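Participant: Got a file for you: input34.txt, compact mmCIF, C-alpha atoms.
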```txt
# COMPACT_ATOMS: atom_id res chain seq x y z
CA MET A 1 -0.95 -15.16 3.61
CA ALA A 2 -3.99 -15.39 1.39
CA VAL A 3 -7.33 -15.62 3.11
CA THR A 4 -10.67 -16.81 1.79
CA VAL A 5 -13.17 -14.02 1.16
CA LYS A 6 -16.84 -14.99 1.17
CA THR A 7 -19.23 -12.34 -0.11
CA PHE A 8 -22.98 -12.67 0.40
CA THR A 9 -25.88 -10.60 -0.83
CA SER A 10 -27.92 -10.99 2.35
CA ALA A 11 -26.95 -10.39 5.96
CA SER A 12 -28.61 -13.61 7.10
CA GLU A 13 -26.45 -15.71 4.76
CA ALA A 14 -23.37 -13.89 6.02
CA ALA A 15 -24.47 -14.53 9.61
CA GLY A 16 -24.81 -18.22 8.82
CA ALA A 17 -21.31 -18.34 7.35
CA LEU A 18 -19.92 -16.45 10.33
CA SER A 19 -21.50 -18.75 12.90
CA SER A 20 -20.32 -21.91 11.17
CA ASP A 21 -16.62 -20.94 10.97
CA ARG A 22 -14.77 -19.99 14.15
CA SER A 23 -11.85 -18.45 12.25
CA ALA A 24 -14.09 -16.20 10.13
CA ARG A 25 -14.15 -12.46 10.73
CA TYR A 26 -16.78 -10.10 9.38
CA LEU A 27 -15.40 -7.25 7.26
CA GLY A 28 -17.23 -3.96 7.74
CA GLY A 29 -15.30 -0.80 6.94
CA GLY A 30 -11.97 -2.61 7.13
CA THR A 31 -10.35 -0.43 9.78
CA LEU A 32 -10.10 -3.35 12.24
CA VAL A 33 -9.98 -6.51 10.10
CA MET A 34 -7.67 -5.20 7.35
CA ARG A 35 -5.40 -3.78 10.03
CA ALA A 36 -5.22 -7.25 11.62
CA LEU A 37 -4.32 -8.76 8.23
CA ASN A 38 -1.68 -6.08 7.63
CA GLU A 39 -0.15 -6.96 10.99
CA GLY A 40 0.01 -10.62 9.99
CA ASP A 41 -2.76 -11.89 12.25
CA VAL A 42 -2.86 -15.54 11.16
CA SER A 43 -5.99 -16.21 13.22
CA VAL A 44 -7.99 -14.60 10.39
CA SER A 45 -8.31 -17.22 7.67
CA THR A 46 -11.76 -16.35 6.34
CA ILE A 47 -13.33 -12.96 5.74
CA VAL A 48 -17.11 -12.73 5.47
CA ARG A 49 -18.81 -9.78 3.77
CA ALA A 50 -22.42 -8.89 3.07
CA GLN A 51 -23.61 -6.46 0.41
CA ASP A 52 -27.02 -6.05 1.99
CA GLN A 53 -28.73 -2.66 1.64
CA ALA A 54 -30.41 -3.21 5.00
CA LEU A 55 -27.03 -2.93 6.74
CA THR A 56 -26.50 0.63 5.52
CA ARG A 57 -29.97 1.96 6.31
CA ILE A 58 -30.53 4.94 8.60
CA ASP A 59 -33.92 5.51 10.20
CA ALA A 60 -33.68 8.84 12.01
CA SER A 61 -37.14 10.30 11.49
CA GLY A 62 -38.89 9.27 14.70
CA PRO A 63 -38.18 9.37 18.44
CA ARG A 64 -36.34 6.05 18.18
CA ILE A 65 -33.49 5.94 15.69
CA THR A 66 -31.94 2.89 14.03
CA LEU A 67 -28.54 2.77 12.37
CA GLY A 68 -27.56 -0.17 10.19
CA ALA A 69 -24.30 -1.79 11.29
CA GLY A 70 -22.65 -0.73 8.02
CA VAL A 71 -23.46 2.97 8.41
CA THR A 72 -20.26 5.01 8.43
CA PHE A 73 -19.43 7.89 10.76
CA ALA A 74 -19.35 10.21 7.74
CA ARG A 75 -22.99 9.32 7.03
CA VAL A 76 -23.97 9.97 10.64
CA LEU A 77 -22.32 13.41 10.32
CA ALA A 78 -24.22 14.11 7.09
CA GLU A 79 -27.57 13.40 8.75
CA ARG A 80 -29.12 16.49 10.31
CA ASP A 81 -31.60 14.41 12.32
CA LEU A 82 -28.68 12.71 14.08
CA ALA A 83 -27.17 15.92 15.48
CA PHE A 84 -26.99 14.41 18.97
CA LEU A 85 -24.53 11.81 17.64
CA HIS A 86 -22.34 14.25 15.72
CA ALA A 87 -19.89 14.91 18.58
CA PRO A 88 -19.03 11.22 19.06
CA ALA A 89 -18.92 10.60 15.28
CA ARG A 90 -16.63 13.59 14.73
CA SER A 91 -14.27 12.46 17.51
CA ILE A 92 -13.29 9.35 15.56
CA GLY A 93 -10.28 9.20 13.24
CA GLY A 94 -9.62 11.56 10.37
CA PRO A 95 -11.95 11.99 7.37
CA ALA A 96 -10.78 8.77 5.68
CA VAL A 97 -11.42 6.66 8.79
CA ARG A 98 -14.86 8.28 9.15
CA ASN A 99 -15.61 7.45 5.50
CA MET A 100 -14.76 3.80 6.18
CA GLY A 101 -15.39 2.95 9.83
CA THR A 102 -18.85 1.73 10.76
CA ILE A 103 -21.22 1.79 13.72
CA GLY A 104 -21.17 -2.01 13.88
CA GLY A 105 -17.39 -2.25 13.81
CA ASN A 106 -17.04 0.33 16.56
CA LEU A 107 -18.81 -2.08 18.92
CA PHE A 108 -15.79 -4.39 18.55
CA ALA A 109 -13.04 -1.73 18.59
CA PRO A 110 -10.72 -2.33 21.55
CA SER A 111 -9.42 0.47 23.79
CA PRO A 112 -8.22 3.16 22.99
CA TYR A 113 -10.86 3.03 20.23
CA GLY A 114 -14.60 2.45 20.35
CA ASP A 115 -15.65 6.01 21.26
CA PHE A 116 -18.98 5.90 19.43
CA THR A 117 -19.90 2.86 21.50
CA VAL A 118 -19.39 4.91 24.67
CA ALA A 119 -22.12 7.26 23.43
CA LEU A 120 -24.39 4.33 22.54
CA LEU A 121 -23.86 2.78 25.98
CA ALA A 122 -24.93 6.01 27.69
CA LEU A 123 -27.99 6.10 25.41
CA ASP A 124 -28.95 2.52 26.44
CA ALA A 125 -28.87 1.33 22.84
CA THR A 126 -30.15 -2.03 21.64
CA VAL A 127 -27.96 -4.13 19.37
CA ALA A 128 -29.73 -6.34 16.80
CA VAL A 129 -27.60 -9.42 16.13
CA ALA A 130 -27.97 -12.46 13.89
CA GLY A 131 -26.32 -15.82 14.49
CA GLY A 132 -26.93 -19.45 13.76
CA PHE A 133 -29.98 -19.15 16.04
CA GLY A 134 -31.65 -16.34 14.07
CA ALA A 135 -31.94 -12.66 14.91
CA ARG A 136 -32.44 -11.13 18.36
CA ASP A 137 -32.09 -7.84 20.19
CA VAL A 138 -29.49 -7.50 22.94
CA PRO A 139 -29.08 -4.56 25.35
CA ILE A 140 -25.73 -2.93 24.54
CA GLU A 141 -24.38 -3.47 28.04
CA GLU A 142 -25.02 -7.21 27.80
CA PHE A 143 -23.51 -7.22 24.31
CA LEU A 144 -20.30 -5.56 25.51
CA GLN A 145 -19.91 -7.86 28.51
CA ALA A 146 -19.98 -10.85 26.18
CA ARG A 147 -18.08 -9.13 23.35
CA ASP A 148 -15.19 -11.57 23.27
CA ARG A 149 -17.65 -14.41 22.70
CA GLN A 150 -19.58 -12.57 19.94
CA SER A 151 -17.27 -13.62 17.10
CA GLY A 152 -19.89 -15.94 15.59
CA THR A 153 -22.65 -13.33 15.53
CA LEU A 154 -23.27 -10.58 13.01
CA VAL A 155 -24.44 -7.17 14.20
CA LEU A 156 -27.30 -5.97 11.98
CA SER A 157 -28.16 -2.61 13.49
CA VAL A 158 -28.11 -0.45 16.60
CA SER A 159 -31.06 1.54 17.84
CA CYS A 160 -31.65 4.01 20.64
CA THR A 161 -34.13 6.61 21.79
CA ARG A 162 -33.38 10.19 20.83
CA PRO A 163 -32.45 12.30 23.91
CA ALA A 164 -35.18 14.76 24.94
CA SER A 165 -32.88 17.76 24.48
CA ALA A 166 -29.33 18.66 23.54
CA GLU A 167 -28.65 19.26 27.24
CA ALA A 168 -29.78 15.73 28.14
CA PHE A 169 -26.95 14.04 26.25
CA ARG A 170 -23.31 15.03 26.60
CA TYR A 171 -20.10 13.60 25.23
CA ARG A 172 -16.45 14.29 25.83
CA LYS A 173 -13.35 12.59 24.48
CA ILE A 174 -9.95 13.32 25.95
CA ALA A 175 -7.15 12.88 23.41
CA ARG A 176 -3.57 14.12 23.33
CA ILE A 177 -3.62 14.95 19.63
CA LYS A 178 -6.27 17.31 18.29
CA PRO A 179 -8.44 17.11 16.30
CA LYS A 180 -7.56 13.45 15.94
CA GLY A 181 -6.13 10.96 18.39
CA GLY A 182 -6.76 7.82 20.39
CA SER A 183 -8.74 8.17 23.58
CA VAL A 184 -7.07 8.79 26.93
CA ILE A 185 -10.58 8.54 28.34
CA THR A 186 -14.02 9.03 26.78
CA LEU A 187 -17.16 10.01 28.66
CA ALA A 188 -20.83 10.18 27.73
CA ALA A 189 -23.77 11.11 29.93
CA HIS A 190 -27.49 10.75 29.37
CA LEU A 191 -29.37 12.86 31.92
CA PRO A 192 -33.13 12.81 31.36
CA ILE A 193 -34.79 15.45 33.55
CA SER A 194 -38.23 14.89 35.02
CA GLY A 195 -39.73 17.60 37.24
CA GLY A 196 -36.36 19.28 37.69
CA ARG A 197 -34.71 16.04 38.81
CA ILE A 198 -32.57 13.51 36.97
CA ALA A 199 -34.47 10.33 36.23
CA GLY A 200 -32.61 7.46 34.59
CA ALA A 201 -29.05 8.81 34.60
CA ARG A 202 -26.55 6.82 32.55
CA ILE A 203 -22.84 7.56 32.52
CA ALA A 204 -20.59 5.59 30.17
CA LEU A 205 -16.80 5.52 30.14
CA GLY A 206 -14.29 4.45 27.50
CA SER A 207 -10.68 3.37 28.18
CA MET A 208 -11.50 2.86 31.87
CA ALA A 209 -11.85 -0.95 31.59
CA PRO A 210 -11.25 -3.65 28.95
CA THR A 211 -14.59 -2.68 27.39
CA GLN A 212 -16.74 0.44 27.60
CA ILE A 213 -18.45 0.44 31.00
CA ARG A 214 -21.10 2.30 32.97
CA ALA A 215 -20.08 4.39 35.98
CA ARG A 216 -22.86 3.05 38.19
CA ALA A 217 -21.74 4.77 41.39
CA ALA A 218 -21.73 8.13 39.60
CA GLU A 219 -25.19 7.35 38.18
CA ARG A 220 -26.48 6.63 41.70
CA ALA A 221 -25.08 9.95 42.90
CA LEU A 222 -27.08 11.74 40.19
CA GLU A 223 -30.33 9.79 40.31
CA GLY A 224 -33.35 11.70 41.64
CA ARG A 225 -31.38 14.88 42.26
CA SER A 226 -31.13 18.21 40.51
CA LEU A 227 -27.92 18.85 38.63
CA ASP A 228 -26.37 21.24 41.16
CA ALA A 229 -22.78 21.67 42.31
CA ALA A 230 -23.09 19.26 45.25
CA THR A 231 -24.61 16.52 43.08
CA ILE A 232 -21.96 16.99 40.40
CA ALA A 233 -19.18 16.82 43.03
CA ALA A 234 -20.64 13.60 44.45
CA ALA A 235 -20.87 12.03 40.99
CA ALA A 236 -17.32 13.12 40.09
CA SER A 237 -15.85 11.63 43.26
CA ALA A 238 -17.60 8.32 42.53
CA ALA A 239 -16.41 8.16 38.91
CA THR A 240 -13.56 5.68 39.47
CA GLU A 241 -15.66 3.13 41.33
CA GLY A 242 -15.75 -0.16 39.46
CA THR A 243 -13.20 0.93 36.84
CA SER A 244 -10.09 -1.04 35.90
CA PRO A 245 -8.12 1.07 33.43
CA SER A 246 -4.80 -0.12 32.03
CA ASP A 247 -1.54 1.50 31.01
CA ASN A 248 -0.86 2.31 27.39
CA ALA A 249 1.16 4.82 25.38
CA LEU A 250 -1.57 7.44 25.70
CA GLY A 251 -1.81 7.36 29.49
CA SER A 252 -1.22 5.26 32.58
CA ALA A 253 -3.96 3.60 34.60
CA TRP A 254 -3.08 5.95 37.47
CA TYR A 255 -3.47 9.01 35.24
CA ARG A 256 -6.82 7.81 33.91
CA ARG A 257 -8.12 7.33 37.47
CA GLU A 258 -6.87 10.79 38.40
CA ILE A 259 -8.58 12.62 35.55
CA VAL A 260 -11.85 10.77 35.07
CA GLY A 261 -13.57 12.60 37.95
CA VAL A 262 -12.25 15.97 36.75
CA HIS A 263 -13.64 15.44 33.26
CA LEU A 264 -16.92 14.05 34.54
CA ARG A 265 -17.34 17.20 36.65
CA ARG A 266 -16.64 19.38 33.60
CA LEU A 267 -19.03 17.35 31.44
CA LEU A 268 -21.84 17.57 33.99
CA SER A 269 -21.33 21.26 34.68
CA GLY A 270 -21.28 22.08 30.97
CA GLN A 271 -17.70 23.41 31.00
CA GLU A 272 -15.65 23.33 27.84
CA MET B 273 -5.68 -20.69 -3.64
CA ALA B 274 -7.52 -19.33 -6.68
CA LYS B 275 -6.94 -15.72 -7.59
CA ILE B 276 -9.88 -13.36 -7.72
CA PRO B 277 -10.52 -11.34 -10.90
CA LEU B 278 -11.02 -7.66 -10.19
CA GLN B 279 -11.99 -4.79 -12.47
CA PHE B 280 -12.24 -1.14 -11.54
CA ARG B 281 -11.55 2.33 -12.90
CA HIS B 282 -8.08 3.62 -12.03
CA ASN B 283 -7.55 7.33 -12.70
CA GLY B 284 -10.14 7.26 -15.46
CA ARG B 285 -8.83 4.09 -17.10
CA ASP B 286 -10.38 0.62 -16.74
CA VAL B 287 -8.02 -1.95 -15.24
CA ALA B 288 -8.42 -5.69 -14.80
CA ILE B 289 -6.18 -7.65 -12.43
CA PHE B 290 -6.11 -10.87 -10.42
CA VAL B 291 -5.70 -10.55 -6.66
CA ASP B 292 -5.11 -13.02 -3.83
CA GLY B 293 -7.81 -13.27 -1.18
CA GLY B 294 -7.27 -10.58 1.45
CA THR B 295 -5.07 -8.36 -0.75
CA ASN B 296 -5.47 -4.71 0.16
CA LEU B 297 -6.00 -1.95 -2.39
CA LEU B 298 -2.57 -0.40 -1.72
CA VAL B 299 -0.77 -3.63 -2.68
CA ALA B 300 -3.04 -4.00 -5.74
CA LEU B 301 -2.23 -0.46 -6.88
CA ARG B 302 1.51 -0.61 -6.25
CA GLU B 303 2.43 -4.19 -7.06
CA LEU B 304 -0.17 -5.21 -9.63
CA ILE B 305 -0.94 -1.95 -11.44
CA GLY B 306 2.41 -0.24 -10.91
CA ASP B 307 1.02 3.01 -9.52
CA MET B 308 3.63 3.85 -6.89
CA THR B 309 2.10 7.16 -5.79
CA PRO B 310 0.15 5.87 -2.77
CA LYS B 311 2.68 4.95 -0.07
CA PHE B 312 2.76 2.32 2.64
CA GLY B 313 3.19 3.97 6.03
CA CYS B 314 1.73 2.32 9.10
CA GLY B 315 -0.72 -0.27 7.76
CA GLN B 316 -3.01 0.65 10.66
CA GLY B 317 -4.99 3.68 9.51
CA GLY B 318 -2.89 6.07 11.55
CA CYS B 319 -0.73 7.93 9.02
CA GLY B 320 -2.79 8.59 5.87
CA THR B 321 -0.02 8.31 3.30
CA CYS B 322 -1.90 5.55 1.43
CA SER B 323 -4.97 7.82 0.98
CA VAL B 324 -6.86 7.50 -2.31
CA LEU B 325 -10.30 8.57 -3.49
CA VAL B 326 -12.87 5.81 -3.97
CA ASP B 327 -15.84 7.21 -5.90
CA GLY B 328 -14.60 10.65 -4.86
CA GLU B 329 -14.46 9.80 -1.16
CA LEU B 330 -11.21 9.75 0.81
CA HIS B 331 -10.27 6.19 1.80
CA LEU B 332 -7.18 4.50 3.20
CA SER B 333 -6.06 2.04 0.54
CA CYS B 334 -4.08 -0.11 3.00
CA LEU B 335 -7.28 -0.80 4.97
CA THR B 336 -9.43 -1.37 1.87
CA LEU B 337 -9.94 -4.95 0.75
CA ALA B 338 -9.05 -4.72 -2.95
CA GLU B 339 -12.13 -6.56 -4.19
CA THR B 340 -14.45 -4.06 -2.51
CA VAL B 341 -13.60 -1.50 -5.22
CA ALA B 342 -14.90 -3.74 -8.03
CA GLY B 343 -16.73 -1.53 -10.52
CA ARG B 344 -15.84 1.62 -8.63
CA SER B 345 -13.59 4.56 -9.48
CA VAL B 346 -10.23 4.87 -7.70
CA GLU B 347 -8.20 8.07 -7.97
CA THR B 348 -4.61 8.34 -6.82
CA LEU B 349 -2.05 11.12 -6.92
CA ASP B 350 -0.87 9.76 -10.29
CA GLY B 351 -4.19 10.84 -11.78
CA MET B 352 -3.88 14.39 -10.51
CA LYS B 353 -1.36 15.64 -13.04
CA GLN B 354 -2.75 17.16 -16.21
CA GLY B 355 -0.30 16.27 -18.97
CA PRO B 356 2.97 18.08 -18.31
CA ASN B 357 1.24 20.55 -15.99
CA LEU B 358 1.07 20.24 -12.24
CA HIS B 359 -2.35 20.29 -10.63
CA PRO B 360 -2.96 23.61 -8.82
CA LEU B 361 -2.61 21.76 -5.51
CA GLN B 362 0.76 20.32 -6.53
CA ARG B 363 1.91 23.76 -7.70
CA ALA B 364 0.79 25.29 -4.40
CA PHE B 365 2.63 22.59 -2.41
CA ALA B 366 5.83 23.40 -4.33
CA ASP B 367 5.41 27.16 -4.00
CA ASN B 368 4.68 26.99 -0.29
CA PHE B 369 7.43 24.50 0.67
CA ALA B 370 4.75 22.04 1.77
CA ALA B 371 6.84 18.96 0.97
CA GLN B 372 10.12 18.12 2.67
CA CYS B 373 10.87 14.40 2.69
CA GLY B 374 7.75 13.93 0.58
CA TYR B 375 6.51 10.70 2.10
CA CYS B 376 3.23 12.14 3.39
CA THR B 377 2.70 14.29 0.29
CA PRO B 378 0.64 11.85 -1.82
CA GLY B 379 -1.80 11.37 1.05
CA MET B 380 -1.86 15.07 1.91
CA LEU B 381 -2.66 15.94 -1.70
CA MET B 382 -5.47 13.40 -1.92
CA ALA B 383 -6.94 14.59 1.40
CA ALA B 384 -6.70 18.18 0.12
CA LYS B 385 -8.33 17.22 -3.18
CA ALA B 386 -11.16 15.44 -1.35
CA LEU B 387 -11.75 18.65 0.60
CA LEU B 388 -11.57 21.10 -2.33
CA ASP B 389 -13.76 18.90 -4.57
CA ARG B 390 -16.56 19.34 -2.00
CA ASN B 391 -15.67 22.71 -0.54
CA PRO B 392 -13.77 24.98 -2.98
CA SER B 393 -13.17 27.75 -0.43
CA PRO B 394 -12.55 26.15 2.96
CA SER B 395 -11.65 27.95 6.15
CA ARG B 396 -8.32 27.32 7.84
CA ASP B 397 -10.06 25.12 10.44
CA GLU B 398 -11.72 23.10 7.70
CA VAL B 399 -8.31 22.51 6.09
CA ILE B 400 -6.86 21.41 9.43
CA GLU B 401 -9.77 19.02 9.91
CA ALA B 402 -9.42 17.67 6.35
CA ILE B 403 -5.77 16.66 6.84
CA SER B 404 -6.18 15.53 10.45
CA GLY B 405 -5.83 11.89 9.41
CA ASN B 406 -2.50 12.53 7.69
CA ILE B 407 0.75 12.65 9.62
CA CYS B 408 3.71 14.80 8.53
CA ARG B 409 6.91 14.57 10.57
CA CYS B 410 8.84 17.28 8.68
CA THR B 411 6.93 20.45 8.02
CA GLY B 412 4.98 21.09 11.20
CA TYR B 413 1.85 21.25 8.99
CA GLU B 414 1.73 25.05 8.62
CA PRO B 415 3.20 25.12 5.08
CA ILE B 416 0.79 22.35 4.06
CA ILE B 417 -2.21 24.23 5.44
CA ASN B 418 -1.02 27.39 3.69
CA ALA B 419 -0.53 25.55 0.41
CA ILE B 420 -4.06 24.12 0.47
CA LEU B 421 -5.50 27.55 1.28
CA ALA B 422 -3.41 29.07 -1.52
CA ALA B 423 -4.66 26.47 -4.00
CA ALA B 424 -8.20 27.25 -2.91
CA GLY B 425 -7.54 30.91 -3.64
CA GLY B 426 -7.79 31.84 0.01
CA ARG B 427 -5.49 34.33 1.68
CA VAL B 428 -2.34 32.71 3.05
CA SER B 429 -1.41 33.88 6.51
CA ALA B 430 2.09 33.31 7.80
```
Take the structure in this file and express it as structure tokens.

Facilitator:
Amino acid sequence: MAVTVKTFTSASEAAGALSSDRSARYLGGGTLVMRALNEGDVSVSTIVRAQDQALTRIDASGPRITLGAGVTFARVLAERDLAFLHAPARSIGGPAVRNMGTIGGNLFAPSPYGDFTVALLALDATVAVAGGFGARDVPIEEFLQARDRQSGTLVLSVSCTRPASAEAFRYRKIARIKPKGGSVITLAAHLPISGGRIAGARIALGSMAPTQIRARAAERALEGRSLDAATIAAAASAATEGTSPSDNALGSAWYRREIVGVHLRRLLSGQE
Amino acid sequence: MAKIPLQFRHNGRDVAIFVDGGTNLLVALRELIGDMTPKFGCGQGGCGTCSVLVDGELHLSCLTLAETVAGRSVETLDGMKQGPNLHPLQRAFADNFAAQCGYCTPGMLMAAKALLDRNPSPSRDEVIEAISGNICRCTGYEPIINAILAAAGGRVSA
């Protein structure tokens, strides 16, 4: 079925078109929307695009980095200043998917996809969105909780603060096929250290709920403590609290609950 | 619904076609231009057999909205041959038994070309990474990896 494609030169015009048409979908890299069209998804009747340079901008020079929504994973990997995001970017798709898929689109990718968003959730990113109401910044957690209702808004960019050290940010994706495969579970941890103790721990999980979620009980187990064996064990045993994984071809909900603590322990203790 | 005029460079030749809204690049190449070398596999971005190069970069044509390549250069397997001669990658695939049923081969060759265009002497791990988005259900991948290494002039290990 033919759909109407509306192409705009500015993101704000595209945002206006998106907010005024409930059946419109924004086309980023195509890996989600074109797939829906190929599968005969008749709910997509209008595609909105924007050829706005601002959407593909990377600002990685300072302590706070900003990635335009249209930045691809391949471009993240080509940017030396974004080394802390290379592991999550590399864990997505094969080279062609990384050349196409975007940071903005990943925010909408349903489980077992959306791995980059797990990293951004652990990094407490801010999502800049534009809608009929104008532009505003939304904390990523709030954005994800309302994701199903975000269809009328356009993501402009994502920003986050650079972790203090390579040790302070860790990422792990469990897949059955290597080097490429959908996520069984995905974990990311941001562990800022202040005076030898963790201050502001954030643990994010993918494929453990309908959207990427924080493991708040595990965060509480880490907060204010040093990263020793007892602390890691306490965090690992709290990893399933608040999760609601589902069954799919890559793993059952039971299996995901069984392994999430194991992999959190390995992530926190720096094991391969 | 009105058709959309679309012009781009296809294997070094300018083409002009009319596409329906929402048409993907794979359909445009196969049904409107008649280049049957990119294949339809999964339509989901999982198999890689529709792989083409857009401005030298590996893309999945089934997930590419056709009109997004306006004014750009699209290379497919059909553009790889040099007159009656096989491209060194094609020759290496034949010599190393890297094609069995052949359905993944167009995508494998484009993924390999994308790698060798940027990195003429890749390591075995880099080859594995480069074809990680392409599924082959026949060969077990080893002959394909060996063929790409052979084409790159690297030593082929059994």

Participant: Residues of chain B that approach chain A to 12 Å or less, counting all atoms listed in the file: could you list each one with the shortest pair of atoms and its distance in Å to one decimal, rows by chain and increasing residue number, as a tab-separated table?

Facilitator:
```
residue	atom	partner	partner_atom	distance
B:Met273	CA	A:Ala2	CA	7.5
B:Ala274	CA	A:Thr4	CA	9.4
B:Lys275	CA	A:Ala2	CA	9.5
B:Ile276	CA	A:Val5	CA	9.5
B:Val291	CA	A:Ala2	CA	9.5
B:Asp292	CA	A:Ala2	CA	5.8
B:Gly293	CA	A:Val3	CA	4.9
B:Gly294	CA	A:Val3	CA	5.3
B:Thr295	CA	A:Ala2	CA	7.4
B:Asn296	CA	A:Met34	CA	7.5
B:Leu297	CA	A:Met34	CA	10.4
B:Leu298	CA	A:Asn38	CA	11.0
B:Val299	CA	A:Asn38	CA	10.6
B:Phe312	CA	A:Asn38	CA	10.7
B:Gly313	CA	A:Asn38	CA	11.3
B:Cys314	CA	A:Asn38	CA	9.2
B:Gly315	CA	A:Asn38	CA	5.9
B:Gln316	CA	A:Arg35	CA	5.1
B:Gly317	CA	A:Thr31	CA	6.8
B:Gly318	CA	A:Gly93	CA	8.2
B:Cys319	CA	A:Gly94	CA	9.7
B:Gly320	CA	A:Ala96	CA	8.0
B:Thr321	CA	A:Ala96	CA	11.0
B:Cys322	CA	A:Ala96	CA	10.4
B:Ser323	CA	A:Ala96	CA	7.5
B:Val324	CA	A:Ala96	CA	9.0
B:Leu325	CA	A:Ala96	CA	9.2
B:Val326	CA	A:Asn99	CA	10.0
B:Asp327	CA	A:Asn99	CA	11.4
B:Gly328	CA	A:Asn99	CA	10.9
B:Glu329	CA	A:Asn99	CA	7.2
B:Leu330	CA	A:Ala96	CA	5.0
B:His331	CA	A:Ala96	CA	4.7
B:Leu332	CA	A:Ala96	CA	6.1
B:Ser333	CA	A:Ala96	CA	9.7
B:Cys334	CA	A:Met34	CA	7.6
B:Leu335	CA	A:Met34	CA	5.0
B:Thr336	CA	A:Gly30	CA	6.0
B:Leu337	CA	A:Met34	CA	7.0
B:Ala338	CA	A:Met34	CA	10.4
B:Glu339	CA	A:Val5	CA	9.2
B:Thr340	CA	A:Arg49	CA	9.5
B:Gly379	CA	A:Ala96	CA	10.4
B:Met380	CA	A:Ala96	CA	11.6
B:Met382	CA	A:Ala96	CA	10.4
B:Ala383	CA	A:Ala96	CA	8.2
B:Ala384	CA	A:Pro95	CA	10.9
B:Ala386	CA	A:Pro95	CA	9.4
B:Leu387	CA	A:Pro95	CA	9.5
B:Asp397	CA	A:Pro179	CA	10.1
B:Glu398	CA	A:Pro179	CA	11.0
B:Val399	CA	A:Pro95	CA	11.2
B:Ile400	CA	A:Pro179	CA	8.3
B:Glu401	CA	A:Pro179	CA	6.8
B:Ala402	CA	A:Pro95	CA	6.3
B:Ile403	CA	A:Gly94	CA	7.3
B:Ser404	CA	A:Gly94	CA	5.3
B:Gly405	CA	A:Gly94	CA	3.9
B:Asn406	CA	A:Gly94	CA	7.7
B:Ile407	CA	A:Gly94	CA	10.5
```

Participant: Please indicate the distance in Å from CA of Ala14 in chain A to CA of Gln150 in chain A, rounded to one decimal place.

Facilitator: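 These two atoms are separated by 14.5 Å.
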
Participant: List the spatial neighbours of Arg265 in chain A as JSON, numbers by chain - criterion: any atom at most 7 Å away, only C-alpha atoms, same-chain residues fewer than 5 positions off excluded.

Facilitator: {"A": [232, 233, 236]}

Participant: Just to confirm, what's the straight-line distance from CA of Leu268 in chain A to CA of Ala218 in chain A in Å (one decimal)?

Facilitator: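 Computed distance, CA of Leu268 in chain A to CA of Ala218 in chain A, equals 11.0 Å.
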
Participant: Name the residues in contact with Gly284 in chain B at a cut-off of 9 Å, using only C-alpha atoms, excluding same-chain residues fewer than 6 positions from it; report them as a VMD selection string.

Facilitator: chain B and resid 345 to 347 351

Participant: Could you pull range 225-235 of chain A out of the structure I just pasted and write it to a file containing N, CA and C atoms, as a PDB file, in the first residue's frame?

Facilitator:
```pdb
ATOM      1  N   ARG A 225      28.391   2.903  49.187  1.00  0.00           N
ATOM      2  CA  ARG A 225      29.304   1.830  49.599  1.00  0.00           C
ATOM      3  C   ARG A 225      30.502   1.766  48.651  1.00  0.00           C
ATOM      4  N   SER A 226      31.523   1.044  49.088  1.00  0.00           N
ATOM      5  CA  SER A 226      32.626   0.779  48.172  1.00  0.00           C
ATOM      6  C   SER A 226      32.258  -0.475  47.379  1.00  0.00           C
ATOM      7  N   LEU A 227      32.878  -0.574  46.203  1.00  0.00           N
ATOM      8  CA  LEU A 227      32.488  -1.658  45.298  1.00  0.00           C
ATOM      9  C   LEU A 227      33.235  -2.939  45.675  1.00  0.00           C
ATOM     10  N   ASP A 228      32.874  -3.519  46.832  1.00  0.00           N
ATOM     11  CA  ASP A 228      33.536  -4.752  47.262  1.00  0.00           C
ATOM     12  C   ASP A 228      32.618  -5.952  47.025  1.00  0.00           C
ATOM     13  N   ALA A 229      33.118  -7.124  47.351  1.00  0.00           N
ATOM     14  CA  ALA A 229      32.393  -8.366  47.025  1.00  0.00           C
ATOM     15  C   ALA A 229      31.014  -8.407  47.689  1.00  0.00           C
ATOM     16  N   ALA A 230      30.934  -7.944  48.938  1.00  0.00           N
ATOM     17  CA  ALA A 230      29.652  -8.011  49.649  1.00  0.00           C
ATOM     18  C   ALA A 230      28.630  -7.072  49.009  1.00  0.00           C
ATOM     19  N   THR A 231      29.093  -5.875  48.627  1.00  0.00           N
ATOM     20  CA  THR A 231      28.201  -4.906  47.980  1.00  0.00           C
ATOM     21  C   THR A 231      27.714  -5.442  46.636  1.00  0.00           C
ATOM     22  N   ILE A 232      28.651  -6.019  45.876  1.00  0.00           N
ATOM     23  CA  ILE A 232      28.293  -6.550  44.557  1.00  0.00           C
ATOM     24  C   ILE A 232      27.281  -7.683  44.710  1.00  0.00           C
ATOM     25  N   ALA A 233      27.476  -8.553  45.717  1.00  0.00           N
ATOM     26  CA  ALA A 233      26.551  -9.668  45.937  1.00  0.00           C
ATOM     27  C   ALA A 233      25.159  -9.144  46.302  1.00  0.00           C
ATOM     28  N   ALA A 234      25.123  -8.096  47.120  1.00  0.00           N
ATOM     29  CA  ALA A 234      23.829  -7.529  47.514  1.00  0.00           C
ATOM     30  C   ALA A 234      23.112  -6.927  46.309  1.00  0.00           C
ATOM     31  N   ALA A 235      23.873  -6.228  45.467  1.00  0.00           N
ATOM     32  CA  ALA A 235      23.268  -5.620  44.272  1.00  0.00           C
ATOM     33  C   ALA A 235      22.764  -6.706  43.328  1.00  0.00           C
TER      34      ALA A 235
END
```
